[in-house]
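Student: Below is work.txt; it holds compact mmCIF, N, CA, C and O atoms.
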```txt
# COMPACT_ATOMS: atom_id res chain seq x y z
N MET V 1052 96.88 96.37 80.12
CA MET V 1052 95.44 96.61 80.07
C MET V 1052 95.18 98.05 79.68
O MET V 1052 95.73 98.98 80.26
N ASP V 1053 94.35 98.24 78.72
CA ASP V 1053 93.97 99.58 78.29
C ASP V 1053 92.80 100.03 79.15
O ASP V 1053 91.70 99.49 79.05
N CYS V 1054 93.02 101.01 80.00
CA CYS V 1054 91.98 101.46 80.94
C CYS V 1054 90.82 102.17 80.25
O CYS V 1054 89.82 102.44 80.89
N THR V 1055 90.95 102.49 78.99
CA THR V 1055 89.85 103.21 78.34
C THR V 1055 88.78 102.25 77.82
O THR V 1055 87.68 102.67 77.54
N SER V 1056 89.10 100.96 77.68
CA SER V 1056 88.12 100.03 77.14
C SER V 1056 87.14 99.56 78.21
O SER V 1056 85.94 99.73 78.07
N LEU V 1057 87.62 98.94 79.24
CA LEU V 1057 86.78 98.45 80.33
C LEU V 1057 87.39 98.88 81.65
O LEU V 1057 88.61 98.93 81.78
N PRO V 1058 86.56 99.13 82.64
CA PRO V 1058 87.13 99.47 83.94
C PRO V 1058 87.84 98.27 84.55
O PRO V 1058 87.45 97.13 84.31
N PRO V 1059 88.87 98.52 85.33
CA PRO V 1059 89.58 97.42 85.99
C PRO V 1059 88.76 96.89 87.16
O PRO V 1059 87.77 97.53 87.57
N PRO V 1060 89.13 95.77 87.73
CA PRO V 1060 88.44 95.29 88.93
C PRO V 1060 88.58 96.29 90.08
O PRO V 1060 89.59 97.00 90.19
N VAL V 1061 87.58 96.33 90.94
CA VAL V 1061 87.63 97.20 92.12
C VAL V 1061 88.86 96.85 92.94
O VAL V 1061 89.17 95.68 93.15
N GLY V 1062 89.59 97.88 93.37
CA GLY V 1062 90.79 97.70 94.16
C GLY V 1062 92.08 97.75 93.36
O GLY V 1062 93.16 97.81 93.93
N THR V 1063 91.96 97.76 92.03
CA THR V 1063 93.14 97.85 91.18
C THR V 1063 93.80 99.21 91.37
O THR V 1063 93.14 100.24 91.39
N VAL V 1064 95.13 99.20 91.50
CA VAL V 1064 95.86 100.46 91.67
C VAL V 1064 96.11 101.06 90.29
O VAL V 1064 96.66 100.41 89.40
N VAL V 1065 95.68 102.30 90.14
CA VAL V 1065 95.78 103.02 88.88
C VAL V 1065 96.39 104.39 89.11
O VAL V 1065 96.53 104.83 90.26
N VAL V 1066 96.71 105.05 88.02
CA VAL V 1066 97.30 106.39 88.08
C VAL V 1066 96.42 107.34 87.28
O VAL V 1066 96.12 107.08 86.11
N ASP V 1067 96.02 108.43 87.90
CA ASP V 1067 95.26 109.50 87.25
C ASP V 1067 96.27 110.53 86.77
O ASP V 1067 96.92 111.19 87.57
N THR V 1068 96.40 110.65 85.46
CA THR V 1068 97.41 111.54 84.89
C THR V 1068 96.89 112.94 84.59
O THR V 1068 97.62 113.76 84.03
N ALA V 1069 95.64 113.23 84.94
CA ALA V 1069 95.08 114.56 84.69
C ALA V 1069 95.69 115.57 85.66
O ALA V 1069 96.04 115.24 86.78
N GLY V 1070 95.80 116.77 85.21
CA GLY V 1070 96.26 117.84 86.07
C GLY V 1070 97.77 117.85 86.25
O GLY V 1070 98.48 116.99 85.75
N PRO V 1071 98.26 118.84 86.98
CA PRO V 1071 99.70 118.99 87.16
C PRO V 1071 100.31 117.94 88.09
O PRO V 1071 101.50 117.68 88.04
N VAL V 1072 99.48 117.32 88.95
CA VAL V 1072 99.98 116.33 89.90
C VAL V 1072 99.40 114.97 89.54
O VAL V 1072 98.18 114.81 89.46
N VAL V 1073 100.26 114.00 89.31
CA VAL V 1073 99.83 112.64 89.02
C VAL V 1073 99.42 112.00 90.34
O VAL V 1073 100.15 112.07 91.32
N ARG V 1074 98.23 111.39 90.37
CA ARG V 1074 97.72 110.79 91.61
C ARG V 1074 97.55 109.28 91.44
O ARG V 1074 96.99 108.82 90.46
N VAL V 1075 98.03 108.55 92.44
CA VAL V 1075 97.88 107.10 92.47
C VAL V 1075 96.70 106.78 93.36
O VAL V 1075 96.56 107.34 94.45
N GLY V 1076 95.83 105.91 92.89
CA GLY V 1076 94.66 105.56 93.69
C GLY V 1076 94.13 104.19 93.33
O GLY V 1076 94.60 103.55 92.40
N GLU V 1077 93.15 103.75 94.09
CA GLU V 1077 92.47 102.48 93.84
C GLU V 1077 91.19 102.75 93.08
O GLU V 1077 90.46 103.69 93.41
N PHE V 1078 90.91 101.93 92.09
CA PHE V 1078 89.66 102.03 91.38
C PHE V 1078 88.54 101.57 92.31
O PHE V 1078 88.62 100.51 92.91
N ARG V 1079 87.49 102.38 92.46
CA ARG V 1079 86.38 102.05 93.37
C ARG V 1079 85.08 101.79 92.64
O ARG V 1079 84.16 101.22 93.20
N GLY V 1080 84.97 102.24 91.40
CA GLY V 1080 83.74 102.02 90.64
C GLY V 1080 83.50 103.17 89.67
O GLY V 1080 84.35 104.03 89.48
N ARG V 1081 82.32 103.15 89.07
CA ARG V 1081 81.95 104.19 88.12
C ARG V 1081 81.04 105.21 88.78
O ARG V 1081 80.26 104.87 89.66
N SER V 1082 81.14 106.42 88.30
CA SER V 1082 80.28 107.50 88.75
C SER V 1082 79.88 108.28 87.50
O SER V 1082 80.58 109.21 87.09
N GLY V 1083 78.81 107.82 86.85
CA GLY V 1083 78.43 108.41 85.57
C GLY V 1083 79.50 108.10 84.55
O GLY V 1083 79.96 106.97 84.45
N PRO V 1084 79.97 109.11 83.81
CA PRO V 1084 81.01 108.85 82.80
C PRO V 1084 82.41 108.78 83.41
O PRO V 1084 83.38 108.50 82.71
N TYR V 1085 82.52 109.05 84.69
CA TYR V 1085 83.83 109.09 85.36
C TYR V 1085 84.07 107.83 86.17
O TYR V 1085 83.16 107.06 86.45
N TRP V 1086 85.32 107.65 86.57
CA TRP V 1086 85.68 106.56 87.46
C TRP V 1086 85.95 107.16 88.83
O TRP V 1086 86.54 108.24 88.96
N ALA V 1087 85.52 106.47 89.86
CA ALA V 1087 85.77 106.89 91.23
C ALA V 1087 87.07 106.24 91.70
O ALA V 1087 87.21 105.02 91.64
N LEU V 1088 87.99 107.06 92.14
CA LEU V 1088 89.28 106.60 92.66
C LEU V 1088 89.44 107.12 94.08
O LEU V 1088 88.85 108.13 94.44
N ARG V 1089 90.25 106.43 94.87
CA ARG V 1089 90.57 106.93 96.20
C ARG V 1089 92.01 106.62 96.50
O ARG V 1089 92.58 105.67 95.95
N PRO V 1090 92.63 107.38 97.38
CA PRO V 1090 94.02 107.10 97.74
C PRO V 1090 94.16 105.67 98.26
O PRO V 1090 93.25 105.14 98.89
N VAL V 1091 95.30 105.05 98.02
CA VAL V 1091 95.53 103.67 98.41
C VAL V 1091 95.38 103.47 99.91
O VAL V 1091 94.83 102.48 100.36
N GLY V 1092 95.79 104.42 100.70
CA GLY V 1092 95.69 104.30 102.15
C GLY V 1092 94.35 104.73 102.70
O GLY V 1092 94.15 104.77 103.90
N GLY V 1093 93.41 105.03 101.85
CA GLY V 1093 92.11 105.54 102.28
C GLY V 1093 92.07 107.04 102.13
O GLY V 1093 93.08 107.69 101.88
N GLY V 1094 90.92 107.58 102.27
CA GLY V 1094 90.77 109.03 102.13
C GLY V 1094 89.65 109.36 101.18
O GLY V 1094 88.85 108.51 100.80
N ARG V 1095 89.60 110.60 100.81
CA ARG V 1095 88.51 111.12 100.00
C ARG V 1095 88.62 110.67 98.54
O ARG V 1095 89.67 110.81 97.92
N GLU V 1096 87.52 110.15 98.02
CA GLU V 1096 87.48 109.74 96.63
C GLU V 1096 87.49 110.96 95.71
O GLU V 1096 87.09 112.04 96.10
N TRP V 1097 87.93 110.73 94.48
CA TRP V 1097 87.83 111.76 93.46
C TRP V 1097 87.38 111.10 92.16
O TRP V 1097 87.46 109.90 92.00
N LYS V 1098 86.87 111.92 91.26
CA LYS V 1098 86.41 111.44 89.96
C LYS V 1098 87.51 111.67 88.95
O LYS V 1098 88.16 112.71 88.95
N ALA V 1099 87.70 110.67 88.08
CA ALA V 1099 88.75 110.76 87.07
C ALA V 1099 88.17 110.43 85.70
O ALA V 1099 87.27 109.61 85.57
N GLU V 1100 88.70 111.09 84.70
CA GLU V 1100 88.34 110.82 83.31
C GLU V 1100 89.01 109.50 82.91
O GLU V 1100 90.24 109.40 82.96
N PRO V 1101 88.25 108.48 82.53
CA PRO V 1101 88.84 107.18 82.21
C PRO V 1101 89.96 107.22 81.19
O PRO V 1101 90.93 106.47 81.30
N ALA V 1102 89.87 108.11 80.20
CA ALA V 1102 90.91 108.20 79.17
C ALA V 1102 92.24 108.67 79.73
O ALA V 1102 93.29 108.46 79.10
N LEU V 1103 92.23 109.28 80.91
CA LEU V 1103 93.46 109.80 81.52
C LEU V 1103 93.96 108.92 82.65
O LEU V 1103 94.84 109.33 83.41
N VAL V 1104 93.41 107.72 82.75
CA VAL V 1104 93.81 106.79 83.82
C VAL V 1104 94.56 105.62 83.19
O VAL V 1104 94.17 105.11 82.14
N ARG V 1105 95.64 105.21 83.84
CA ARG V 1105 96.41 104.05 83.39
C ARG V 1105 96.71 103.16 84.60
O ARG V 1105 96.60 103.60 85.75
N LEU V 1106 97.07 101.92 84.32
CA LEU V 1106 97.46 101.02 85.40
C LEU V 1106 98.76 101.50 86.02
O LEU V 1106 99.64 102.03 85.33
N ALA V 1107 98.90 101.34 87.32
CA ALA V 1107 100.13 101.72 88.02
C ALA V 1107 101.23 100.70 87.70
O ALA V 1107 100.96 99.51 87.53
N THR V 1108 102.44 101.20 87.64
CA THR V 1108 103.59 100.31 87.45
C THR V 1108 103.86 99.60 88.78
O THR V 1108 103.38 100.04 89.84
N PRO V 1109 104.63 98.53 88.77
CA PRO V 1109 104.98 97.87 90.04
C PRO V 1109 105.63 98.84 91.04
O PRO V 1109 105.34 98.80 92.23
N GLU V 1110 106.47 99.74 90.54
CA GLU V 1110 107.12 100.72 91.42
C GLU V 1110 106.08 101.66 92.05
O GLU V 1110 106.15 101.97 93.24
N GLU V 1111 105.13 102.12 91.25
CA GLU V 1111 104.09 103.02 91.77
C GLU V 1111 103.21 102.31 92.80
O GLU V 1111 102.83 102.90 93.80
N ARG V 1112 102.90 101.03 92.55
CA ARG V 1112 102.11 100.26 93.52
C ARG V 1112 102.89 100.10 94.82
O ARG V 1112 102.33 100.22 95.91
N MET V 1113 104.19 99.84 94.72
CA MET V 1113 105.01 99.68 95.92
C MET V 1113 105.08 100.99 96.71
O MET V 1113 104.91 100.99 97.93
N ARG V 1114 105.29 102.09 96.04
CA ARG V 1114 105.35 103.39 96.72
C ARG V 1114 104.05 103.70 97.44
O ARG V 1114 104.05 104.19 98.57
N ALA V 1115 102.93 103.42 96.77
CA ALA V 1115 101.63 103.68 97.40
C ALA V 1115 101.44 102.80 98.63
O ALA V 1115 100.92 103.24 99.65
N GLY V 1116 101.88 101.55 98.55
CA GLY V 1116 101.77 100.65 99.69
C GLY V 1116 102.65 101.08 100.85
O GLY V 1116 102.24 101.02 102.02
N VAL V 1117 103.86 101.53 100.55
CA VAL V 1117 104.76 102.02 101.60
C VAL V 1117 104.17 103.27 102.26
O VAL V 1117 104.20 103.41 103.49
N ALA V 1118 103.63 104.18 101.46
CA ALA V 1118 103.00 105.38 102.02
C ALA V 1118 101.84 105.01 102.93
O ALA V 1118 101.67 105.58 104.02
N ARG V 1119 101.02 104.02 102.52
CA ARG V 1119 99.90 103.56 103.33
C ARG V 1119 100.42 102.97 104.64
O ARG V 1119 99.91 103.29 105.72
N ASP V 1120 101.44 102.13 104.58
CA ASP V 1120 101.98 101.50 105.79
C ASP V 1120 102.60 102.54 106.72
O ASP V 1120 102.45 102.45 107.95
N ASN V 1121 103.28 103.54 106.17
CA ASN V 1121 103.85 104.60 107.00
C ASN V 1121 102.75 105.40 107.69
O ASN V 1121 102.87 105.73 108.87
N ALA V 1122 101.69 105.71 106.98
CA ALA V 1122 100.58 106.44 107.58
C ALA V 1122 99.94 105.62 108.69
O ALA V 1122 99.59 106.14 109.76
N ARG V 1123 99.78 104.33 108.46
CA ARG V 1123 99.20 103.45 109.49
C ARG V 1123 100.08 103.43 110.74
O ARG V 1123 99.59 103.47 111.84
N SER V 1124 101.41 103.40 110.56
CA SER V 1124 102.32 103.34 111.71
C SER V 1124 102.29 104.66 112.50
O SER V 1124 102.54 104.66 113.70
N ARG V 1125 101.94 105.76 111.83
CA ARG V 1125 101.82 107.06 112.52
C ARG V 1125 100.46 107.22 113.16
O ARG V 1125 100.20 108.19 113.85
N GLY V 1126 99.54 106.30 112.87
CA GLY V 1126 98.18 106.41 113.39
C GLY V 1126 97.30 107.29 112.55
O GLY V 1126 96.23 107.69 112.97
N SER V 1127 97.71 107.56 111.31
CA SER V 1127 96.93 108.42 110.42
C SER V 1127 95.78 107.68 109.74
O SER V 1127 94.91 108.29 109.17
N LEU V 1128 95.80 106.35 109.79
CA LEU V 1128 94.74 105.54 109.16
C LEU V 1128 93.95 104.83 110.23
O LEU V 1128 94.45 104.51 111.29
N LEU V 1129 92.71 104.55 109.91
CA LEU V 1129 91.86 103.81 110.84
C LEU V 1129 92.24 102.36 110.87
O LEU V 1129 92.66 101.75 109.99
```
Output the file's structure as structure tokens, nothing else.

Tutor:
Amino acid sequence: MDCTSLPPPVGTVVVDTAGPVVRVGEFRGRSGPYWALRPVGGGREWKAEPALVRLATPEERMRAGVARDNARSRGSLL
């Protein structure tokens, strides 16, 4: 799926490639010309340039899920 054509369904795990740190997050919706993303385990949303967002690979989705589950086991998530 080419993320620059249409936004993915809400909850789709994507990767924001902007900046020096690649961030994995869930697509939450549109915010003007930007897409609203948030960490898979919850947390503060950020705005991303759609042209710099791609779908997460299966490995990236798995890593994000493991990080979410680890945070939950530590009590870091609600």

Student: Need the axis-aligned box for stretch 1073-1088 of chain V with 5 Å each side, so what are the centre and edges in Å to one decimal, as AutoDock Vina command-line options?

Tutor:
```
--center_x 89.3 --center_y 107.3 --center_z 88.6 --size_x 31.8 --size_y 23.5 --size_z 21.7
```

Student: What lies within 6 Å of stretch 1094-1109 of chain V using only N, CA, C and O atoms, ignoring chain neighbours under 2 positions off, as a list of chain:residue names?

Tutor: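 The neighbour list is V:Met1052, V:Cys1054, V:Thr1055, V:Val1064, V:Val1065, V:Val1066, V:Asp1067, V:Thr1068, V:Ala1069, V:Pro1084, V:Tyr1085, V:Trp1086, V:Ala1087, V:Leu1088, V:Arg1089, V:Pro1090, V:Gly1092, V:Glu1111, V:Arg1112, V:Met1113, V:Arg1114.
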
Student: Out of chain V, which residues get strand (DSSP E or B) from DSSP, as a VMD selection string?

Tutor: chain V and resid 1064 to 1067 1074 to 1082 1085 to 1089 1097 to 1099 1104 to 1106

Student: Restrict the selected residues to N, CA, C and O atoms and save them as a tab-separated table (two decimals), in the frame of the given file.

Tutor:
```tsv
chain	number	residue	atom	x	y	z
V	1064	VAL	N	95.13	99.20	91.50
V	1064	VAL	CA	95.86	100.46	91.67
V	1064	VAL	C	96.11	101.06	90.29
V	1064	VAL	O	96.66	100.41	89.40
V	1065	VAL	N	95.68	102.30	90.14
V	1065	VAL	CA	95.78	103.02	88.88
V	1065	VAL	C	96.39	104.39	89.11
V	1065	VAL	O	96.53	104.83	90.26
V	1066	VAL	N	96.71	105.05	88.02
V	1066	VAL	CA	97.30	106.39	88.08
V	1066	VAL	C	96.42	107.34	87.28
V	1066	VAL	O	96.12	107.08	86.11
V	1067	ASP	N	96.02	108.43	87.90
V	1067	ASP	CA	95.26	109.50	87.25
V	1067	ASP	C	96.27	110.53	86.77
V	1067	ASP	O	96.92	111.19	87.57
V	1074	ARG	N	98.23	111.39	90.37
V	1074	ARG	CA	97.72	110.79	91.61
V	1074	ARG	C	97.55	109.28	91.44
V	1074	ARG	O	96.99	108.82	90.46
V	1075	VAL	N	98.03	108.55	92.44
V	1075	VAL	CA	97.88	107.10	92.47
V	1075	VAL	C	96.70	106.78	93.36
V	1075	VAL	O	96.56	107.34	94.45
V	1076	GLY	N	95.83	105.91	92.89
V	1076	GLY	CA	94.66	105.56	93.69
V	1076	GLY	C	94.13	104.19	93.33
V	1076	GLY	O	94.60	103.55	92.40
V	1077	GLU	N	93.15	103.75	94.09
V	1077	GLU	CA	92.47	102.48	93.84
V	1077	GLU	C	91.19	102.75	93.08
V	1077	GLU	O	90.46	103.69	93.41
V	1078	PHE	N	90.91	101.93	92.09
V	1078	PHE	CA	89.66	102.03	91.38
V	1078	PHE	C	88.54	101.57	92.31
V	1078	PHE	O	88.62	100.51	92.91
V	1079	ARG	N	87.49	102.38	92.46
V	1079	ARG	CA	86.38	102.05	93.37
V	1079	ARG	C	85.08	101.79	92.64
V	1079	ARG	O	84.16	101.22	93.20
V	1080	GLY	N	84.97	102.24	91.40
V	1080	GLY	CA	83.74	102.02	90.64
V	1080	GLY	C	83.50	103.17	89.67
V	1080	GLY	O	84.35	104.03	89.48
V	1081	ARG	N	82.32	103.15	89.07
V	1081	ARG	CA	81.95	104.19	88.12
V	1081	ARG	C	81.04	105.21	88.78
V	1081	ARG	O	80.26	104.87	89.66
V	1082	SER	N	81.14	106.42	88.30
V	1082	SER	CA	80.28	107.50	88.75
V	1082	SER	C	79.88	108.28	87.50
V	1082	SER	O	80.58	109.21	87.09
V	1085	TYR	N	82.52	109.05	84.69
V	1085	TYR	CA	83.83	109.09	85.36
V	1085	TYR	C	84.07	107.83	86.17
V	1085	TYR	O	83.16	107.06	86.45
V	1086	TRP	N	85.32	107.65	86.57
V	1086	TRP	CA	85.68	106.56	87.46
V	1086	TRP	C	85.95	107.16	88.83
V	1086	TRP	O	86.54	108.24	88.96
V	1087	ALA	N	85.52	106.47	89.86
V	1087	ALA	CA	85.77	106.89	91.23
V	1087	ALA	C	87.07	106.24	91.70
V	1087	ALA	O	87.21	105.02	91.64
V	1088	LEU	N	87.99	107.06	92.14
V	1088	LEU	CA	89.28	106.60	92.66
V	1088	LEU	C	89.44	107.12	94.08
V	1088	LEU	O	88.85	108.13	94.44
V	1089	ARG	N	90.25	106.43	94.87
V	1089	ARG	CA	90.57	106.93	96.20
V	1089	ARG	C	92.01	106.62	96.50
V	1089	ARG	O	92.58	105.67	95.95
V	1097	TRP	N	87.93	110.73	94.48
V	1097	TRP	CA	87.83	111.76	93.46
V	1097	TRP	C	87.38	111.10	92.16
V	1097	TRP	O	87.46	109.90	92.00
V	1098	LYS	N	86.87	111.92	91.26
V	1098	LYS	CA	86.41	111.44	89.96
V	1098	LYS	C	87.51	111.67	88.95
V	1098	LYS	O	88.16	112.71	88.95
V	1099	ALA	N	87.70	110.67	88.08
V	1099	ALA	CA	88.75	110.76	87.07
V	1099	ALA	C	88.17	110.43	85.70
V	1099	ALA	O	87.27	109.61	85.57
V	1104	VAL	N	93.41	107.72	82.75
V	1104	VAL	CA	93.81	106.79	83.82
V	1104	VAL	C	94.56	105.62	83.19
V	1104	VAL	O	94.17	105.11	82.14
V	1105	ARG	N	95.64	105.21	83.84
V	1105	ARG	CA	96.41	104.05	83.39
V	1105	ARG	C	96.71	103.16	84.60
V	1105	ARG	O	96.60	103.60	85.75
V	1106	LEU	N	97.07	101.92	84.32
V	1106	LEU	CA	97.46	101.02	85.40
V	1106	LEU	C	98.76	101.50	86.02
V	1106	LEU	O	99.64	102.03	85.33
```

Student: So how far away is atom N of V:Arg1079 from atom N of V:Ser1124, in Å?

Tutor: 22.9 Å

Student: Hey, what does DSSP flag as helix (DSSP H, G or I) within stretch 1064-1119 of chain V? Can you give it to me as a list of chain:residue names?

Tutor: V:Pro1101, V:Ala1102, V:Leu1103, V:Pro1109, V:Glu1110, V:Glu1111, V:Arg1112, V:Met1113, V:Arg1114, V:Ala1115, V:Gly1116, V:Val1117, V:Ala1118, V:Arg1119

Student: How many Å separate atom CA of V:Gly1080 from atom CA of V:Ala1115?

Tutor: 19.2 Å

Student: Rebuild stretch 1112-1122 of chain V so that it carries all heavy atoms, then output the result as a JSON list (two decimals), keeping the file's coordinate frame.

Tutor:
```
[["chain", "number", "residue", "atom", "x", "y", "z"],
["V", 1112, "ARG", "N", 102.90, 101.03, 92.55],
["V", 1112, "ARG", "CA", 102.11, 100.26, 93.52],
["V", 1112, "ARG", "C", 102.89, 100.10, 94.82],
["V", 1112, "ARG", "O", 102.33, 100.22, 95.91],
["V", 1112, "ARG", "CB", 101.74, 98.89, 92.95],
["V", 1112, "ARG", "CG", 100.67, 98.96, 91.89],
["V", 1112, "ARG", "CD", 100.08, 97.60, 91.56],
["V", 1112, "ARG", "NE", 101.08, 96.62, 91.17],
["V", 1112, "ARG", "CZ", 101.51, 96.42, 89.91],
["V", 1112, "ARG", "NH1", 101.00, 97.14, 88.93],
["V", 1112, "ARG", "NH2", 102.40, 95.50, 89.65],
["V", 1113, "MET", "N", 104.19, 99.84, 94.72],
["V", 1113, "MET", "CA", 105.01, 99.68, 95.92],
["V", 1113, "MET", "C", 105.08, 100.99, 96.71],
["V", 1113, "MET", "O", 104.91, 100.99, 97.93],
["V", 1113, "MET", "CB", 106.42, 99.24, 95.55],
["V", 1113, "MET", "CG", 107.30, 98.99, 96.78],
["V", 1113, "MET", "SD", 108.99, 98.57, 96.36],
["V", 1113, "MET", "CE", 109.58, 100.12, 95.72],
["V", 1114, "ARG", "N", 105.29, 102.09, 96.04],
["V", 1114, "ARG", "CA", 105.35, 103.39, 96.72],
["V", 1114, "ARG", "C", 104.05, 103.70, 97.44],
["V", 1114, "ARG", "O", 104.05, 104.19, 98.57],
["V", 1114, "ARG", "CB", 105.65, 104.51, 95.73],
["V", 1114, "ARG", "CG", 107.06, 104.59, 95.30],
["V", 1114, "ARG", "CD", 107.26, 105.77, 94.38],
["V", 1114, "ARG", "NE", 108.61, 105.81, 93.88],
["V", 1114, "ARG", "CZ", 109.03, 106.63, 92.94],
["V", 1114, "ARG", "NH1", 108.17, 107.47, 92.39],
["V", 1114, "ARG", "NH2", 110.27, 106.61, 92.53],
["V", 1115, "ALA", "N", 102.93, 103.42, 96.77],
["V", 1115, "ALA", "CA", 101.63, 103.68, 97.40],
["V", 1115, "ALA", "C", 101.44, 102.80, 98.63],
["V", 1115, "ALA", "O", 100.92, 103.24, 99.65],
["V", 1115, "ALA", "CB", 100.51, 103.43, 96.39],
["V", 1116, "GLY", "N", 101.88, 101.55, 98.55],
["V", 1116, "GLY", "CA", 101.77, 100.65, 99.69],
["V", 1116, "GLY", "C", 102.65, 101.08, 100.85],
["V", 1116, "GLY", "O", 102.24, 101.02, 102.02],
["V", 1117, "VAL", "N", 103.86, 101.53, 100.55],
["V", 1117, "VAL", "CA", 104.76, 102.02, 101.60],
["V", 1117, "VAL", "C", 104.17, 103.27, 102.26],
["V", 1117, "VAL", "O", 104.20, 103.41, 103.49],
["V", 1117, "VAL", "CB", 106.17, 102.29, 101.04],
["V", 1117, "VAL", "CG1", 107.03, 103.06, 102.03],
["V", 1117, "VAL", "CG2", 106.84, 100.97, 100.66],
["V", 1118, "ALA", "N", 103.63, 104.18, 101.46],
["V", 1118, "ALA", "CA", 103.00, 105.38, 102.02],
["V", 1118, "ALA", "C", 101.84, 105.01, 102.93],
["V", 1118, "ALA", "O", 101.67, 105.58, 104.02],
["V", 1118, "ALA", "CB", 102.53, 106.30, 100.90],
["V", 1119, "ARG", "N", 101.02, 104.02, 102.52],
["V", 1119, "ARG", "CA", 99.90, 103.56, 103.33],
["V", 1119, "ARG", "C", 100.42, 102.97, 104.64],
["V", 1119, "ARG", "O", 99.91, 103.29, 105.72],
["V", 1119, "ARG", "CB", 99.10, 102.50, 102.57],
["V", 1119, "ARG", "CG", 97.95, 101.92, 103.38],
["V", 1119, "ARG", "CD", 97.42, 100.63, 102.81],
["V", 1119, "ARG", "NE", 98.49, 99.64, 102.77],
["V", 1119, "ARG", "CZ", 98.75, 98.86, 101.74],
["V", 1119, "ARG", "NH1", 98.04, 98.92, 100.64],
["V", 1119, "ARG", "NH2", 99.75, 98.00, 101.79],
["V", 1120, "ASP", "N", 101.44, 102.13, 104.58],
["V", 1120, "ASP", "CA", 101.98, 101.50, 105.79],
["V", 1120, "ASP", "C", 102.60, 102.54, 106.72],
["V", 1120, "ASP", "O", 102.45, 102.45, 107.95],
["V", 1120, "ASP", "CB", 103.02, 100.44, 105.42],
["V", 1120, "ASP", "CG", 102.40, 99.25, 104.71],
["V", 1120, "ASP", "OD1", 101.16, 99.09, 104.77],
["V", 1120, "ASP", "OD2", 103.17, 98.49, 104.08],
["V", 1121, "ASN", "N", 103.28, 103.54, 106.17],
["V", 1121, "ASN", "CA", 103.85, 104.60, 107.00],
["V", 1121, "ASN", "C", 102.75, 105.40, 107.69],
["V", 1121, "ASN", "O", 102.87, 105.73, 108.87],
["V", 1121, "ASN", "CB", 104.72, 105.53, 106.17],
["V", 1121, "ASN", "CG", 106.05, 104.90, 105.80],
["V", 1121, "ASN", "OD1", 106.48, 103.92, 106.41],
["V", 1121, "ASN", "ND2", 106.69, 105.43, 104.77],
["V", 1122, "ALA", "N", 101.69, 105.71, 106.98],
["V", 1122, "ALA", "CA", 100.58, 106.44, 107.58],
["V", 1122, "ALA", "C", 99.94, 105.62, 108.69],
["V", 1122, "ALA", "O", 99.59, 106.14, 109.76],
["V", 1122, "ALA", "CB", 99.54, 106.80, 106.52]]
```
